[in-house]
Amino acid sequence: MKKLLKKAGKAILLFLLIVVVVNVLLPLFCKKPDKEYAENLRKTEFTAETTGIEKICCIDDNEEALLWRLRMIGTARESIVLSTFDLRADENGTKLLAALNCAASRGVKIQLLIDGIYQQLFLAGSSDFQALSSYDNVKVGVYNPVIPANLFKVNYRMHDKYLIVDEKMYLLGGRNSNDIFLGDQTKGINVDRDILVYDTSGGQGESLQQIEDYFHKIWKESCVSIKKGKKSSKDADAYRHMEEIYAALLKKYNDIETYSAWEKDTIEVNKITLIHNGTQAERKTPQVLQAIQYLSENADHVTIQTPYVICNSYMYDVLRGISDHGKLQIVLNAVEKGSNPWGCTDYLNQKKKILKTGADVYELMNDYPVHTKAVLVDERLSVVGSYNLDMRSTYLDTELMLVIDSEKLNRQIRETESDYMEKSKEVLANGQETEGAKYQGKVLGWKKKLYYGMLRIIIRPLRQLL
């Protein structure tokens with residue numbers, strides 16, 4: 001018996017070792033750019049000469065981001081779709097759950113789509129989430145759940161963040177649904193951006209239909225529905241808890257069920273187009289980066305805002321191609337300020353390669369780490385969403401970006417970028433460094449230096465996963 005158990009133990013260890021090796025090595029074999037997709041890009045109209053039927057609001061403040069979500073959920077009458085990478089049952093995540101609970105109680109059809117890893121980490125033990133899920137009109141889907149059948153594809157995550165209400169408006173961006181990105185907290189937070197899109201035609205908007213089609217496809221192809229459990233006394237306690245939270249929200253934000261100034265508080269744009277990497281939990285072609293490359297191929301000035309940069313040779317070639325014919329600026333978090341140690345460490349390892357692309361790099365020392373992902377192409381196009389300039393976003397995860405044709409939005413975001421640049425150290429390819437007018441330097445202590453020194457060695461064989 002002991003020999004049998006020993007053999008079984010060795011077999012399990014060998015299997016787990018194979019799982020680890022496959023998950024580490026397979027992402028090294030990146031898919032090449034999709035030629036058919038490249039041809040389709042050239043057939044796609046990303047601009048228009050007249051204003052369209054969809055209007056937008058750009059949301060950069062964390063508390064406003066919570067308020068707009070509460071307004072959308074609070075005024076929903078028919079349907080709500082919430083798809084998010086990281087929903088947590090923390091203070092502000094629970095506020096969203098409380099608002100959804102109220103919507104469910106009045107009969108609104110709700111579909112929640114959550115990434116499998118984060119669902120397991122942060123929601124599996126939440127009584128509020130379980131109670132919300134038990135409504136007959138609430139369906140919960142998990143993208144690529146963490147189950148034995150999926151052990152060889154745990155790398156493929158759903159990084160999307162969007163909210164669709166009543167098939168007439170949606171919100172899309174880079175914010176996760178938790179305290180780090182929502183609410184009025186002032187500690188342990190990140191700065192990010194959402195775009196609220198309101199369709200003045202009542203459902204005929206092009207990008208609204210694109211995001212709805214995308215959702216239906218990913219729900220059908222790559223998610224597993226959570227089975228509903230039987231209602232229990234714990235559910236009753238959870239309902240009371242969420243009702244108390246929602247009552248407090250109504251006192252603090254008294255228009256979340258009555259807000260109606262959607263057209264008044266949004267601005268006109270010419271055109272909005274959704275781009276994405278595909279929906280399947282598998283290695284992906286770099287479609288989002290291909291689209292950015294195409295949009296930038298004749299640009300005189302391109303600014304990329306990204307939390308960090310982790311590139312392979314193809315991605316460096318794209319950056320080099322942009323800077324060969326125009327001015328390329330990359331704004332990223334300084335190592336001293338960034339909240340992602342993996343991205344900061346890879347920047348220390350790859351800084352020279354990034355600078356060799358010809359880009360001007362701005363190492364940002366903002367009050368809070370900036371999680372925003374945006375690309376500005378000249379003075380007209382803005383690309384906003386969830387895509388980081390890293391290999392994970394390019395080849396492994398689902399990613400969504402909106403290409404928005406609007407000089408006003410471009411100007412608004414450019415003003416933010418100009419402020420960030422003043423808070424940054426500009427680093428040129430020739431090694432020249434210039435501190436911005438608002439730059440406040442910070443010296444890393446010896447413990448941090450030692451920490452990053454160790455990570456610089458550890459992450460080298462794993463950077464395709466970061």
# chains A, B, ... in the order shown; residues from 1 in each chain; ligands from 1
call {"tool": "select_by_dssp", "arguments": {"residues": "stretch 197-422 of chain A", "states": "strand (DSSP E)", "output": "JSON, numbers by chain"}}
result
{"A": [197, 198, 199, 223, 224, 225, 267, 268, 271, 272, 273, 274, 275, 276, 301, 302, 303, 304, 305, 309, 310, 327, 328, 329, 330, 331, 332, 333, 360, 361, 362, 363, 364, 374, 375, 376, 377, 381, 382, 383, 384, 385, 389, 390, 400, 401, 402, 403, 404, 405]}
call {"tool": "residues_around", "arguments": {"residues": "A:Ile211", "least_positions_apart": "4", "cutoff": "8 Å", "atoms": "only C-alpha atoms", "output": "mmCIF file with N, CA, C and O atoms, in the first residue's frame"}}
result
data_model
loop_
_atom_site.group_PDB
_atom_site.id
_atom_site.type_symbol
_atom_site.label_atom_id
_atom_site.label_comp_id
_atom_site.auth_asym_id
_atom_site.auth_seq_id
_atom_site.Cartn_x
_atom_site.Cartn_y
_atom_site.Cartn_z
ATOM 1 N N SER A 207 -21.139 51.079 -31.957
ATOM 2 C CA SER A 207 -20.263 50.485 -30.943
ATOM 3 C C SER A 207 -21.072 49.759 -29.872
ATOM 4 O O SER A 207 -20.607 48.764 -29.308
ATOM 5 N N PHE A 215 -20.150 40.479 -26.126
ATOM 6 C CA PHE A 215 -20.567 39.829 -24.886
ATOM 7 C C PHE A 215 -21.276 38.511 -25.156
ATOM 8 O O PHE A 215 -20.995 37.490 -24.512
ATOM 9 N N LEU A 274 -15.162 49.490 -31.651
ATOM 10 C CA LEU A 274 -14.604 48.541 -30.683
ATOM 11 C C LEU A 274 -13.539 47.676 -31.347
ATOM 12 O O LEU A 274 -13.747 47.153 -32.442
#
call {"tool": "residues_around", "arguments": {"residues": "stretch 20-32 of chain A", "least_positions_apart": "5", "cutoff": "7 Å", "atoms": "only C-alpha atoms", "output": "MDAnalysis selection string"}}
result
chainID A and resid 152:153 155 284:285 395 462 464
call {"tool": "residues_around", "arguments": {"residues": "A:Asp115", "least_positions_apart": "6", "cutoff": "6 Å", "atoms": "only C-alpha atoms", "output": "count of residues only"}}
result
4
call {"tool": "residues_around", "arguments": {"residues": "A:Leu87", "least_positions_apart": "5", "cutoff": "12 Å", "atoms": "only C-alpha atoms", "output": "VMD selection string"}}
result
chain A and resid 82 92 to 97 112 to 124 126 129 142 159 to 162 175 to 182
call {"tool": "write_last_selection", "arguments": {"atoms": "N, CA, C and O atoms", "output": "compact mmCIF listing (two decimals), in the first residue's frame"}}
result
# COMPACT_ATOMS: atom_id res chain seq x y z
N LEU A 82 -22.77 43.01 -16.54
CA LEU A 82 -21.53 43.46 -15.91
C LEU A 82 -20.46 42.41 -16.16
O LEU A 82 -20.59 41.26 -15.71
N ASN A 92 -16.36 48.97 -1.79
CA ASN A 92 -17.00 49.49 -2.98
C ASN A 92 -17.49 48.40 -3.93
O ASN A 92 -18.47 48.60 -4.65
N GLY A 93 -16.84 47.26 -3.93
CA GLY A 93 -17.36 46.13 -4.67
C GLY A 93 -18.72 45.71 -4.13
O GLY A 93 -19.65 45.38 -4.88
N THR A 94 -18.87 45.74 -2.80
CA THR A 94 -20.15 45.38 -2.18
C THR A 94 -21.22 46.43 -2.47
O THR A 94 -22.41 46.10 -2.55
N LYS A 95 -20.82 47.68 -2.65
CA LYS A 95 -21.79 48.70 -3.05
C LYS A 95 -22.39 48.37 -4.42
O LYS A 95 -23.59 48.55 -4.64
N LEU A 96 -21.55 47.89 -5.32
CA LEU A 96 -22.07 47.45 -6.62
C LEU A 96 -23.00 46.25 -6.46
O LEU A 96 -24.06 46.18 -7.09
N LEU A 97 -22.60 45.30 -5.62
CA LEU A 97 -23.46 44.14 -5.37
C LEU A 97 -24.81 44.57 -4.79
O LEU A 97 -25.86 44.04 -5.16
N LEU A 112 -23.85 38.47 -15.04
CA LEU A 112 -22.52 38.80 -14.53
C LEU A 112 -21.51 37.85 -15.15
O LEU A 112 -21.70 36.64 -15.12
N LEU A 113 -20.44 38.41 -15.69
CA LEU A 113 -19.36 37.60 -16.26
C LEU A 113 -18.07 37.99 -15.58
O LEU A 113 -17.65 39.15 -15.63
N ILE A 114 -17.42 37.02 -14.94
CA ILE A 114 -16.26 37.29 -14.10
C ILE A 114 -15.13 36.34 -14.47
O ILE A 114 -15.36 35.17 -14.78
N ASP A 115 -13.91 36.83 -14.42
CA ASP A 115 -12.76 35.96 -14.68
C ASP A 115 -12.67 34.86 -13.63
O ASP A 115 -12.90 35.10 -12.44
N GLY A 116 -12.27 33.67 -14.06
CA GLY A 116 -12.29 32.50 -13.20
C GLY A 116 -11.39 32.57 -11.99
O GLY A 116 -11.77 32.16 -10.89
N ILE A 117 -10.18 33.09 -12.15
CA ILE A 117 -9.25 33.16 -11.01
C ILE A 117 -9.77 34.12 -9.95
O ILE A 117 -9.79 33.81 -8.75
N TYR A 118 -10.20 35.30 -10.38
CA TYR A 118 -10.64 36.30 -9.40
C TYR A 118 -11.99 35.94 -8.79
O TYR A 118 -12.26 36.30 -7.64
N GLN A 119 -12.82 35.23 -9.52
CA GLN A 119 -14.07 34.74 -8.93
C GLN A 119 -13.76 33.79 -7.78
O GLN A 119 -14.38 33.85 -6.71
N GLN A 120 -12.78 32.92 -7.99
CA GLN A 120 -12.41 31.96 -6.96
C GLN A 120 -11.73 32.63 -5.78
O GLN A 120 -11.99 32.29 -4.62
N LEU A 121 -10.89 33.61 -6.06
CA LEU A 121 -10.14 34.27 -4.99
C LEU A 121 -10.99 35.17 -4.11
O LEU A 121 -10.84 35.18 -2.89
N PHE A 122 -11.90 35.95 -4.73
CA PHE A 122 -12.54 37.03 -3.99
C PHE A 122 -14.06 36.92 -3.86
O PHE A 122 -14.66 37.69 -3.12
N LEU A 123 -14.70 36.01 -4.58
CA LEU A 123 -16.16 35.96 -4.53
C LEU A 123 -16.73 34.64 -4.04
O LEU A 123 -17.87 34.58 -3.59
N ALA A 124 -15.94 33.59 -4.14
CA ALA A 124 -16.45 32.26 -3.77
C ALA A 124 -16.94 32.23 -2.32
O ALA A 124 -17.90 31.52 -2.00
N SER A 126 -18.10 34.93 -0.60
CA SER A 126 -18.93 36.10 -0.29
C SER A 126 -20.40 35.71 -0.19
O SER A 126 -21.01 35.29 -1.17
N PHE A 129 -22.53 37.94 -2.55
CA PHE A 129 -22.48 37.51 -3.95
C PHE A 129 -23.32 36.25 -4.16
O PHE A 129 -24.05 36.14 -5.14
N VAL A 142 -18.61 32.33 -15.50
CA VAL A 142 -17.20 32.41 -15.12
C VAL A 142 -16.34 32.11 -16.35
O VAL A 142 -16.50 31.05 -16.97
N HIS A 159 -9.68 39.99 -19.24
CA HIS A 159 -9.25 41.26 -18.68
C HIS A 159 -10.23 42.40 -18.98
O HIS A 159 -9.95 43.55 -18.72
N ASP A 160 -11.41 42.06 -19.53
CA ASP A 160 -12.40 43.07 -19.92
C ASP A 160 -13.05 43.71 -18.71
O ASP A 160 -13.22 43.08 -17.66
N LYS A 161 -13.49 44.97 -18.89
CA LYS A 161 -14.26 45.68 -17.86
C LYS A 161 -15.31 46.53 -18.54
O LYS A 161 -14.99 47.58 -19.12
N TYR A 162 -16.58 46.09 -18.48
CA TYR A 162 -17.64 46.91 -19.07
C TYR A 162 -18.97 46.64 -18.40
O TYR A 162 -19.18 45.60 -17.75
N ARG A 175 -10.89 50.09 -15.34
CA ARG A 175 -11.11 49.94 -13.91
C ARG A 175 -11.67 48.56 -13.55
O ARG A 175 -12.63 48.10 -14.15
N ASN A 176 -11.07 47.97 -12.52
CA ASN A 176 -11.67 46.80 -11.90
C ASN A 176 -12.73 47.25 -10.90
O ASN A 176 -12.81 48.44 -10.54
N SER A 177 -13.54 46.31 -10.41
CA SER A 177 -14.67 46.64 -9.55
C SER A 177 -14.32 46.39 -8.09
O SER A 177 -14.78 45.43 -7.47
N ASN A 178 -13.49 47.27 -7.54
CA ASN A 178 -13.06 47.11 -6.14
C ASN A 178 -12.55 48.44 -5.60
O ASN A 178 -12.53 49.46 -6.30
N ASP A 179 -12.10 48.43 -4.34
CA ASP A 179 -11.68 49.66 -3.66
C ASP A 179 -10.49 50.35 -4.30
O ASP A 179 -10.30 51.55 -4.12
N ILE A 180 -9.67 49.61 -5.03
CA ILE A 180 -8.48 50.20 -5.64
C ILE A 180 -8.87 51.20 -6.72
O ILE A 180 -8.16 52.19 -6.96
N PHE A 181 -10.03 51.01 -7.34
CA PHE A 181 -10.41 51.80 -8.51
C PHE A 181 -11.71 52.57 -8.36
O PHE A 181 -12.03 53.40 -9.21
N LEU A 182 -12.49 52.29 -7.33
CA LEU A 182 -13.80 52.92 -7.17
C LEU A 182 -13.95 53.54 -5.79
O LEU A 182 -13.39 53.04 -4.81
call {"tool": "select_by_dssp", "arguments": {"residues": "stretch 162-357 of chain A", "states": "alpha helix (DSSP H)", "output": "NGL selection string"}}
result
:A and (206-222 or 233-252 or 287-296 or 313-325 or 341-356)
call {"tool": "atom_distance", "arguments": {"atom1": "atom CA of A:Gly431", "atom2": "atom CA of A:Ile330"}}
result
15.3 Å
call {"tool": "closest_atom_pairs", "arguments": {"of": "stretch 345-379 of chain A", "to": "stretch 184-196 of chain A", "cutoff": "10 Å", "atoms": "only C-alpha atoms", "output": "CSV"}}
result
residue,atom,partner,partner_atom,distance
A:Asn366,CA,A:Val191,CA,9.3
A:Asp367,CA,A:Val191,CA,9.3
A:Tyr368,CA,A:Asn190,CA,5.7
A:Pro369,CA,A:Asn190,CA,5.1
A:Val370,CA,A:Val191,CA,4.7
A:His371,CA,A:Asp192,CA,5.1
A:Thr372,CA,A:Asp192,CA,4.4
A:Lys373,CA,A:Arg193,CA,7.8
A:Ala374,CA,A:Arg193,CA,8.8
call {"tool": "write_last_selection", "arguments": {"atoms": "all heavy atoms", "output": "PDB file, in the first residue's frame"}}
result
ATOM      1  N   ASN A 366       3.331  60.322 -10.227  1.00  0.00           N
ATOM      2  CA  ASN A 366       2.033  60.875  -9.862  1.00  0.00           C
ATOM      3  C   ASN A 366       1.758  60.617  -8.379  1.00  0.00           C
ATOM      4  O   ASN A 366       2.423  59.795  -7.746  1.00  0.00           O
ATOM      5  CB  ASN A 366       0.938  60.231 -10.718  1.00  0.00           C
ATOM      6  CG  ASN A 366      -0.379  60.958 -10.641  1.00  0.00           C
ATOM      7  OD1 ASN A 366      -0.422  62.184 -10.745  1.00  0.00           O
ATOM      8  ND2 ASN A 366      -1.460  60.224 -10.455  1.00  0.00           N
ATOM      9  N   ASP A 367       0.756  61.312  -7.821  1.00  0.00           N
ATOM     10  CA  ASP A 367       0.393  61.067  -6.424  1.00  0.00           C
ATOM     11  C   ASP A 367      -0.005  59.609  -6.209  1.00  0.00           C
ATOM     12  O   ASP A 367       0.321  59.009  -5.183  1.00  0.00           O
ATOM     13  CB  ASP A 367      -0.764  61.982  -6.006  1.00  0.00           C
ATOM     14  CG  ASP A 367      -0.365  63.449  -5.995  1.00  0.00           C
ATOM     15  OD1 ASP A 367       0.843  63.734  -5.877  1.00  0.00           O
ATOM     16  OD2 ASP A 367      -1.250  64.315  -6.107  1.00  0.00           O
ATOM     17  N   TYR A 368      -0.739  59.050  -7.184  1.00  0.00           N
ATOM     18  CA  TYR A 368      -1.159  57.652  -7.136  1.00  0.00           C
ATOM     19  C   TYR A 368      -0.704  56.955  -8.408  1.00  0.00           C
ATOM     20  O   TYR A 368      -0.620  57.581  -9.467  1.00  0.00           O
ATOM     21  CB  TYR A 368      -2.687  57.549  -7.027  1.00  0.00           C
ATOM     22  CG  TYR A 368      -3.274  58.288  -5.863  1.00  0.00           C
ATOM     23  CD1 TYR A 368      -4.022  59.451  -6.058  1.00  0.00           C
ATOM     24  CD2 TYR A 368      -3.083  57.842  -4.560  1.00  0.00           C
ATOM     25  CE1 TYR A 368      -4.560  60.134  -4.986  1.00  0.00           C
ATOM     26  CE2 TYR A 368      -3.629  58.521  -3.482  1.00  0.00           C
ATOM     27  CZ  TYR A 368      -4.361  59.679  -3.699  1.00  0.00           C
ATOM     28  OH  TYR A 368      -4.892  60.351  -2.633  1.00  0.00           O
ATOM     29  N   PRO A 369      -0.396  55.663  -8.344  1.00  0.00           N
ATOM     30  CA  PRO A 369      -0.041  54.936  -9.569  1.00  0.00           C
ATOM     31  C   PRO A 369      -1.148  55.062 -10.610  1.00  0.00           C
ATOM     32  O   PRO A 369      -2.330  55.050 -10.281  1.00  0.00           O
ATOM     33  CB  PRO A 369       0.108  53.483  -9.088  1.00  0.00           C
ATOM     34  CG  PRO A 369       0.408  53.587  -7.632  1.00  0.00           C
ATOM     35  CD  PRO A 369      -0.334  54.796  -7.139  1.00  0.00           C
ATOM     36  N   VAL A 370      -0.750  55.189 -11.872  1.00  0.00           N
ATOM     37  CA  VAL A 370      -1.712  55.380 -12.957  1.00  0.00           C
ATOM     38  C   VAL A 370      -1.904  54.052 -13.695  1.00  0.00           C
ATOM     39  O   VAL A 370      -0.964  53.521 -14.263  1.00  0.00           O
ATOM     40  CB  VAL A 370      -1.243  56.487 -13.917  1.00  0.00           C
ATOM     41  CG1 VAL A 370      -2.229  56.638 -15.076  1.00  0.00           C
ATOM     42  CG2 VAL A 370      -1.114  57.819 -13.167  1.00  0.00           C
ATOM     43  N   HIS A 371      -3.121  53.553 -13.680  1.00  0.00           N
ATOM     44  CA  HIS A 371      -3.485  52.273 -14.284  1.00  0.00           C
ATOM     45  C   HIS A 371      -4.129  52.469 -15.661  1.00  0.00           C
ATOM     46  O   HIS A 371      -4.548  51.518 -16.312  1.00  0.00           O
ATOM     47  CB  HIS A 371      -4.456  51.556 -13.332  1.00  0.00           C
ATOM     48  CG  HIS A 371      -4.691  50.126 -13.628  1.00  0.00           C
ATOM     49  ND1 HIS A 371      -5.875  49.650 -14.170  1.00  0.00           N
ATOM     50  CD2 HIS A 371      -3.918  49.030 -13.458  1.00  0.00           C
ATOM     51  CE1 HIS A 371      -5.822  48.341 -14.294  1.00  0.00           C
ATOM     52  NE2 HIS A 371      -4.648  47.932 -13.886  1.00  0.00           N
ATOM     53  N   THR A 372      -4.174  53.704 -16.119  1.00  0.00           N
ATOM     54  CA  THR A 372      -4.864  54.059 -17.361  1.00  0.00           C
ATOM     55  C   THR A 372      -4.141  53.501 -18.581  1.00  0.00           C
ATOM     56  O   THR A 372      -2.914  53.495 -18.637  1.00  0.00           O
ATOM     57  CB  THR A 372      -4.947  55.590 -17.483  1.00  0.00           C
ATOM     58  OG1 THR A 372      -5.558  56.110 -16.305  1.00  0.00           O
ATOM     59  CG2 THR A 372      -5.745  56.000 -18.695  1.00  0.00           C
ATOM     60  N   LYS A 373      -4.931  53.083 -19.570  1.00  0.00           N
ATOM     61  CA  LYS A 373      -4.386  52.610 -20.841  1.00  0.00           C
ATOM     62  C   LYS A 373      -5.028  53.432 -21.954  1.00  0.00           C
ATOM     63  O   LYS A 373      -6.245  53.396 -22.151  1.00  0.00           O
ATOM     64  CB  LYS A 373      -4.704  51.130 -21.078  1.00  0.00           C
ATOM     65  CG  LYS A 373      -4.370  50.209 -19.874  1.00  0.00           C
ATOM     66  CD  LYS A 373      -5.578  49.993 -19.022  1.00  0.00           C
ATOM     67  CE  LYS A 373      -5.480  48.838 -18.058  1.00  0.00           C
ATOM     68  NZ  LYS A 373      -4.329  48.736 -17.257  1.00  0.00           N
ATOM     69  N   ALA A 374      -4.225  54.187 -22.672  1.00  0.00           N
ATOM     70  CA  ALA A 374      -4.754  55.040 -23.733  1.00  0.00           C
ATOM     71  C   ALA A 374      -3.686  55.292 -24.782  1.00  0.00           C
ATOM     72  O   ALA A 374      -2.489  55.281 -24.483  1.00  0.00           O
ATOM     73  CB  ALA A 374      -5.252  56.373 -23.157  1.00  0.00           C
TER      74      ALA A 374
END
call {"tool": "residues_around", "arguments": {"residues": "A:Ser382", "least_positions_apart": "2", "cutoff": "8 Å", "atoms": "only C-alpha atoms", "output": "list in words"}}
result
Ala374, Val375, Leu376, Val377, Arg380, Val384, Leu402, Val403, Ile404, Asp405, Ser406, Leu409 and Asn410 of chain A
call {"tool": "closest_residue", "arguments": {"among": "A:Ser323, A:Ser105, A:Asn349, A:Asn62", "to": "A:Glu297", "atoms": "only C-alpha atoms"}}
result
A:Ser323
call {"tool": "residues_around", "arguments": {"residues": "A:Met421", "least_positions_apart": "4", "cutoff": "10 Å", "atoms": "only C-alpha atoms", "output": "PyMOL selection string"}}
result
chain A and resi 329-332+361-366+415-417+425-426+435-439
call {"tool": "atom_distance", "arguments": {"atom1": "atom CA of A:Ser222", "atom2": "atom CA of A:Val138"}}
result
18.5 Å
call {"tool": "closest_residue", "arguments": {"among": "A:Ile354, A:Ile110, A:Val318, A:Ala429", "to": "A:Glu78", "atoms": "only C-alpha atoms"}}
result
A:Ile110
call {"tool": "closest_residue", "arguments": {"among": "A:Leu208, A:Ala76, A:Leu295, A:Val154", "to": "A:Val19", "atoms": "only C-alpha atoms"}}
result
A:Val154
call {"tool": "closest_residue", "arguments": {"among": "A:Ala236, A:Leu151, A:Ala247, A:Met391", "to": "A:Leu17", "atoms": "only C-alpha atoms"}}
result
A:Leu151
call {"tool": "atom_distance", "arguments": {"atom1": "atom CA of A:Lys351", "atom2": "atom CA of A:Thr434"}}
result
16.1 Å
